[in-house]
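S.K.: This is the content of data_25.pdb (PDB, C-alpha atoms):
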ATOM      1  CA  MET K   1      -6.941 -14.578  15.397
ATOM      2  CA  GLY K   2      -6.941 -14.420  11.623
ATOM      3  CA  GLN K   3      -4.217 -14.125   9.078
ATOM      4  CA  THR K   4      -2.185 -11.017   8.549
ATOM      5  CA  TRP K   5      -2.285  -9.641   5.037
ATOM      6  CA  PHE K   6       0.045  -7.287   3.211
ATOM      7  CA  ALA K   7      -0.362  -5.157   0.082
ATOM      8  CA  ILE K   8       2.169  -5.692  -2.682
ATOM      9  CA  HIS K   9       2.722  -2.823  -5.123
ATOM     10  CA  THR K  10       3.205  -4.199  -8.625
ATOM     11  CA  ARG K  11       4.522  -2.841 -11.866
ATOM     12  CA  HIS K  12       1.882  -1.424 -14.225
ATOM     13  CA  GLN K  13      -0.524  -4.176 -15.387
ATOM     14  CA  HIS K  14       1.409  -6.970 -13.620
ATOM     15  CA  GLU K  15      -1.177  -7.747 -10.937
ATOM     16  CA  LEU K  16      -2.370 -11.090 -12.352
ATOM     17  CA  LYS K  17       1.140 -12.294 -13.165
ATOM     18  CA  VAL K  18       2.436 -11.370  -9.682
ATOM     19  CA  SER K  19      -0.548 -13.102  -8.062
ATOM     20  CA  GLN K  20       0.062 -16.278 -10.087
ATOM     21  CA  ILE K  21       3.820 -16.366  -9.429
ATOM     22  CA  LEU K  22       3.384 -15.791  -5.681
ATOM     23  CA  SER K  23       0.704 -18.499  -5.555
ATOM     24  CA  ASN K  24       3.118 -20.881  -7.279
ATOM     25  CA  LYS K  25       5.693 -19.997  -4.600
ATOM     26  CA  GLY K  26       3.220 -21.136  -1.939
ATOM     27  CA  PHE K  27       1.799 -17.780  -0.846
ATOM     28  CA  GLU K  28      -1.903 -17.190  -0.362
ATOM     29  CA  THR K  29      -2.843 -14.284  -2.626
ATOM     30  CA  PHE K  30      -5.968 -12.254  -3.251
ATOM     31  CA  LEU K  31      -6.537 -10.167  -6.375
ATOM     32  CA  PRO K  32     -10.046  -8.647  -6.373
ATOM     33  CA  ILE K  33     -11.373  -7.953  -9.865
ATOM     34  CA  TYR K  34     -14.352  -6.207 -11.391
ATOM     35  CA  GLN K  35     -16.016  -6.359 -14.780
ATOM     36  CA  ALA K  36     -15.830  -3.251 -16.937
ATOM     37  CA  LYS K  37     -17.428  -2.648 -20.293
ATOM     38  CA  ARG K  38     -15.327  -0.739 -22.806
ATOM     39  CA  GLN K  39     -16.493   0.797 -26.061
ATOM     40  CA  TRP K  40     -14.180   0.948 -29.047
ATOM     41  CA  SER K  41     -15.151   2.444 -32.383
ATOM     42  CA  ASP K  42     -15.950  -0.991 -33.850
ATOM     43  CA  ARG K  43     -17.056  -3.084 -30.842
ATOM     44  CA  LYS K  44     -17.937  -3.361 -27.170
ATOM     45  CA  LYS K  45     -15.965  -5.613 -24.890
ATOM     46  CA  SER K  46     -16.198  -6.803 -21.282
ATOM     47  CA  LEU K  47     -12.896  -6.768 -19.425
ATOM     48  CA  TYR K  48     -11.940  -8.056 -15.999
ATOM     49  CA  LEU K  49      -9.687  -5.523 -14.293
ATOM     50  CA  PRO K  50      -8.036  -5.263 -10.846
ATOM     51  CA  LEU K  51     -10.264  -3.484  -8.334
ATOM     52  CA  PHE K  52      -7.125  -1.865  -6.887
ATOM     53  CA  PRO K  53      -4.821  -1.301  -9.879
ATOM     54  CA  GLY K  54      -1.163  -1.850  -9.031
ATOM     55  CA  TYR K  55      -1.805  -3.973  -5.922
ATOM     56  CA  VAL K  56      -2.069  -7.618  -4.914
ATOM     57  CA  PHE K  57      -2.765  -8.824  -1.380
ATOM     58  CA  VAL K  58      -0.566 -11.548   0.130
ATOM     59  CA  ALA K  59      -1.054 -13.376   3.430
ATOM     60  CA  GLN K  60       1.620 -14.256   5.982
ATOM     61  CA  ILE K  61       4.826 -12.983   4.408
ATOM     62  CA  GLY K  62       6.811 -13.603   7.590
ATOM     63  CA  GLU K  63      10.425 -14.512   6.949
ATOM     64  CA  ARG K  64       9.834 -14.870   3.195
ATOM     65  CA  ARG K  65       9.946 -11.131   2.492
ATOM     66  CA  TYR K  66      12.871 -11.583   0.084
ATOM     67  CA  ASP K  67      10.900 -14.207  -1.897
ATOM     68  CA  VAL K  68       8.139 -11.646  -2.405
ATOM     69  CA  LEU K  69      10.451  -8.777  -3.333
ATOM     70  CA  ASN K  70      12.403 -11.032  -5.705
ATOM     71  CA  THR K  71       9.262 -11.851  -7.716
ATOM     72  CA  GLN K  72       9.049 -10.595 -11.289
ATOM     73  CA  GLY K  73       6.649  -7.640 -11.466
ATOM     74  CA  VAL K  74       6.807  -6.736  -7.757
ATOM     75  CA  ALA K  75       7.762  -3.107  -7.138
ATOM     76  CA  ALA K  76       7.555  -3.066  -3.314
ATOM     77  CA  ILE K  77       5.754  -4.234  -0.223
ATOM     78  CA  VAL K  78       3.592  -1.379   1.079
ATOM     79  CA  SER K  79       5.464  -0.305   4.212
ATOM     80  CA  THR K  80       5.651   2.353   6.900
ATOM     81  CA  ALA K  81       9.157   3.334   8.031
ATOM     82  CA  GLY K  82      10.555   0.265   6.269
ATOM     83  CA  ILE K  83       8.240  -2.178   8.073
ATOM     84  CA  PRO K  84       5.581  -3.940   5.947
ATOM     85  CA  SER K  85       2.150  -2.521   6.814
ATOM     86  CA  GLU K  86      -0.286  -5.157   8.040
ATOM     87  CA  ILE K  87      -3.880  -5.362   6.829
ATOM     88  CA  ALA K  88      -6.409  -7.020   9.131
ATOM     89  CA  GLU K  89      -8.113 -10.123   7.790
ATOM     90  CA  GLU K  90     -11.478  -8.456   8.489
ATOM     91  CA  GLU K  91     -10.687  -5.751   5.894
ATOM     92  CA  ILE K  92      -9.761  -8.397   3.321
ATOM     93  CA  ASP K  93     -12.981 -10.303   4.116
ATOM     94  CA  VAL K  94     -15.066  -7.174   3.441
ATOM     95  CA  VAL K  95     -13.350  -6.686   0.071
ATOM     96  CA  ARG K  96     -13.888 -10.405  -0.715
ATOM     97  CA  LYS K  97     -17.617 -10.079   0.023
ATOM     98  CA  CYS K  98     -17.904  -6.957  -2.125
ATOM     99  CA  ALA K  99     -16.021  -8.587  -5.001
ATOM    100  CA  THR K 100     -18.060 -11.827  -5.067
ATOM    101  CA  ASP K 101     -20.132 -10.380  -7.916
ATOM    102  CA  SER K 102     -17.669  -8.662 -10.251
ATOM    103  CA  THR K 103     -20.526  -7.027 -12.183
ATOM    104  CA  LYS K 104     -21.711  -5.062  -9.125
ATOM    105  CA  VAL K 105     -18.406  -3.840  -7.695
ATOM    106  CA  GLU K 106     -16.298  -1.038  -9.148
ATOM    107  CA  PRO K 107     -13.439   1.210  -8.034
ATOM    108  CA  HIS K 108     -14.322   4.455  -6.290
ATOM    109  CA  PRO K 109     -12.095   7.357  -5.278
ATOM    110  CA  TYR K 110     -11.070   7.220  -1.636
ATOM    111  CA  MET K 111     -12.724   9.995   0.377
ATOM    112  CA  GLN K 112     -12.587  10.870   4.053
ATOM    113  CA  ILE K 113     -14.714  13.100   6.217
ATOM    114  CA  GLY K 114     -13.364  16.641   5.812
ATOM    115  CA  ASP K 115     -12.151  16.119   2.238
ATOM    116  CA  GLU K 116     -12.922  18.689  -0.431
ATOM    117  CA  VAL K 117     -15.461  17.145  -2.793
ATOM    118  CA  ARG K 118     -17.380  17.987  -5.941
ATOM    119  CA  VAL K 119     -20.882  16.789  -6.735
ATOM    120  CA  CYS K 120     -20.688  14.734  -9.937
ATOM    121  CA  SER K 121     -24.367  13.857 -10.471
ATOM    122  CA  GLY K 122     -27.816  15.164  -9.673
ATOM    123  CA  PRO K 123     -29.154  18.724  -9.465
ATOM    124  CA  LEU K 124     -26.048  19.984  -7.607
ATOM    125  CA  THR K 125     -23.577  18.764 -10.244
ATOM    126  CA  GLY K 126     -20.460  20.914 -10.231
ATOM    127  CA  THR K 127     -20.953  22.228  -6.684
ATOM    128  CA  TYR K 128     -17.900  22.113  -4.406
ATOM    129  CA  GLY K 129     -17.873  21.678  -0.647
ATOM    130  CA  PHE K 130     -16.621  19.626   2.266
ATOM    131  CA  LEU K 131     -17.731  16.103   3.046
ATOM    132  CA  VAL K 132     -19.168  15.703   6.556
ATOM    133  CA  ARG K 133     -21.046  12.911   8.258
ATOM    134  CA  LYS K 134     -24.207  13.368  10.306
ATOM    135  CA  LYS K 135     -25.544  10.204  11.891
ATOM    136  CA  ASP K 136     -25.755   7.676   9.024
ATOM    137  CA  SER K 137     -25.598  10.068   6.071
ATOM    138  CA  TYR K 138     -23.054  12.052   4.101
ATOM    139  CA  ARG K 139     -23.567  15.787   3.751
ATOM    140  CA  LEU K 140     -22.058  18.459   1.532
ATOM    141  CA  VAL K 141     -21.340  21.756   3.327
ATOM    142  CA  VAL K 142     -21.367  24.962   1.282
ATOM    143  CA  CYS K 143     -20.859  28.556   2.483
ATOM    144  CA  VAL K 144     -22.153  31.927   1.427
ATOM    145  CA  GLU K 145     -19.092  33.903   2.443
ATOM    146  CA  ILE K 146     -20.626  37.386   2.361
ATOM    147  CA  LEU K 147     -23.357  36.276   4.794
ATOM    148  CA  GLY K 148     -21.021  34.274   7.005
ATOM    149  CA  ARG K 149     -23.460  31.371   6.805
ATOM    150  CA  ALA K 150     -23.238  27.762   5.714
ATOM    151  CA  ALA K 151     -25.689  25.101   4.696
ATOM    152  CA  SER K 152     -25.422  21.357   4.297
ATOM    153  CA  VAL K 153     -27.337  18.966   2.103
ATOM    154  CA  GLU K 154     -27.557  15.186   2.313
ATOM    155  CA  LEU K 155     -26.068  13.343  -0.660
ATOM    156  CA  GLY K 156     -25.116   9.788  -1.491
ATOM    157  CA  ALA K 157     -21.401   8.991  -1.538
ATOM    158  CA  ALA K 158     -21.789   7.812  -5.141
ATOM    159  CA  ASP K 159     -22.768  11.370  -6.134
ATOM    160  CA  LEU K 160     -19.446  12.789  -4.904
ATOM    161  CA  GLU K 161     -15.873  12.795  -6.133
ATOM    162  CA  PRO K 162     -12.656  14.233  -4.681
ATOM    163  CA  ALA K 163     -12.055  17.843  -5.722
ATOM    164  CA  SER K 164      -8.459  18.629  -6.549
ATOM    165  CA  ILE K 165      -8.949  22.249  -7.561
ATOM    166  CA  LEU K 166     -11.624  24.471  -6.071
ATOM    167  CA  GLN K 167     -13.936  26.356  -8.371
ATOM    168  CA  GLN K 168     -12.728  29.935  -8.717
ATOM    169  CA  GLY K 169     -15.065  32.943  -8.677
ATOM    170  CA  SER K 170     -18.008  31.115  -7.144
ATOM    171  CA  MET K 171     -20.166  32.640  -4.458
ATOM    172  CA  PHE K 172     -20.012  29.263  -2.759
ATOM    173  CA  ARG K 173     -16.793  28.263  -1.157
ATOM    174  CA  VAL K 174     -15.621  25.239   0.719
ATOM    175  CA  SER K 175     -16.102  25.417   4.454
TER
END
What would the structure in this file look like if it were written as structure tokens?
M.R.:
Amino acid sequence: MGQTWFAIHTRHQHELKVSQILSNKGFETFLPIYQAKRQWSDRKKSLYLPLFPGYVFVAQIGERRYDVLNTQGVAAIVSTAGIPSEIAEEEIDVVRKCATDSTKVEPHPYMQIGDEVRVCSGPLTGTYGFLVRKKDSYRLVVCVEILGRAASVELGAADLEPASILQQGSMFRVS
């Protein structure tokens, strides 16, 4: 059986500092980062940013919960009903593998099957629908309300983003 990991919610832009302090206190920490290029009016710059802003992962908190909470920059331990929520080592390992090349990994909005989504690239840009899964692919479902019919089209997850507000006045509606 592997280690149990926990997510620590940090103050804004305190991820690196919290990770360093907890490491100095003897905790095993993990702060996945990615490389981002930013353009300012006078220059371009590469930055290394947290893959999950506001969070640091810490292994085996156990009886040292107070040591974690008493660390400068820590806002809280991610918990359910007051009990720290465990993260399986397998999930951390997957994130580690993804983050081994910081130039190829980047944050992506969290989406689940059934979520309202909007197509953000390709010929269907701006179309709203529901995300469904069929075998090994993601599909966007759209409806023609007056006909009482729906259609789905296969799309890559990278072409989709969560939709917070549905498009008004469209003949297509989310199904």
S.K.: Here's a test: counting only C-alpha atoms, identify every protein, DNA and RNA residue with an atom at most 12 Å from (4.8, -12.1, -10.5) in the file's coordinate frame, and state them as an MDAnalysis selection string.
M.R.: chainID K and resid 8:25 27 29 54:56 58 67:76
S.K.: What's the separation between CA of Glu28 (chain K) and CA of Ala59 (chain K), in Å to one decimal place?
M.R.: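 Separating CA of Glu28 (chain K) from CA of Ala59 (chain K) is a distance of 5.4 Å.
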S.K.: Write out as a PyMOL selection string which residues come within 9 Å of Glu154 (chain K) when counting all atoms listed in the file, dropping same-chain ones fewer than 3 positions away.
M.R.: chain K and resi 134+137-140
S.K.: Evaluate the PyMOL selection byres ((chain K and resi 120) around 6) against this structure - the residues, as a PyMOL selection string, please.
M.R.: chain K and resi 119+121+125+159-160
S.K.: Starting from the PyMOL selection byres ((chain K and resi 113) around 8), expand the selection into actual residues of this file and give them as JSON, numbers by chain.
M.R.: {"K": [111, 112, 114, 115, 130, 131, 132, 133]}
S.K.: For a test of reading the model, state the distance in Å between CA of Gln3 (chain K) and CA of Ile77 (chain K), rounded to one decimal.
M.R.: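 Separating CA of Gln3 (chain K) from CA of Ile77 (chain K) is a distance of 16.8 Å.
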S.K.: Do you know which residues lie at most 10 Å from (-14.8, -5.7, -4.0), with coordinates as in the file and all atoms listed in the file counted, and could you write them as a list in words?
M.R.: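 Output of the proximity query reads Leu31, Pro32, Ile33, Tyr34, Pro50, Leu51, Phe52, Ile92, Asp93, Val94, Val95, Arg96, Lys97, Cys98, Ala99, Thr100, Asp101, Ser102, Lys104, Val105, Glu106 and Pro107 of chain K.
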S.K.: Can you pull out the residues contacting Arg118 (chain K)? Cut-off 7 Å, using only C-alpha atoms, and skip same-chain residues under 6 positions away; I want them as a list in words.
M.R.: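 So, after excluding close chain neighbours, the residues are Gly126, Thr127, Tyr128, Gly129, Leu160, Glu161, Pro162 and Ala163 of chain K.
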S.K.: Give the centre and edge lengths of an axis-aligned box, in Å to one decimal, that holds all listed atoms of region 94-102 of chain K with 5 Å on each side, as AutoDock Vina command-line options.
M.R.:
--center_x -16.7 --center_y -9.3 --center_z -3.4 --size_x 16.8 --size_y 15.1 --size_z 23.7
S.K.: How many Å lie between CA of Arg65 (chain K) and CA of Pro84 (chain K), rounded to one decimal?
M.R.: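 Taking CA of Arg65 (chain K) and CA of Pro84 (chain K), their separation equals 9.1 Å.
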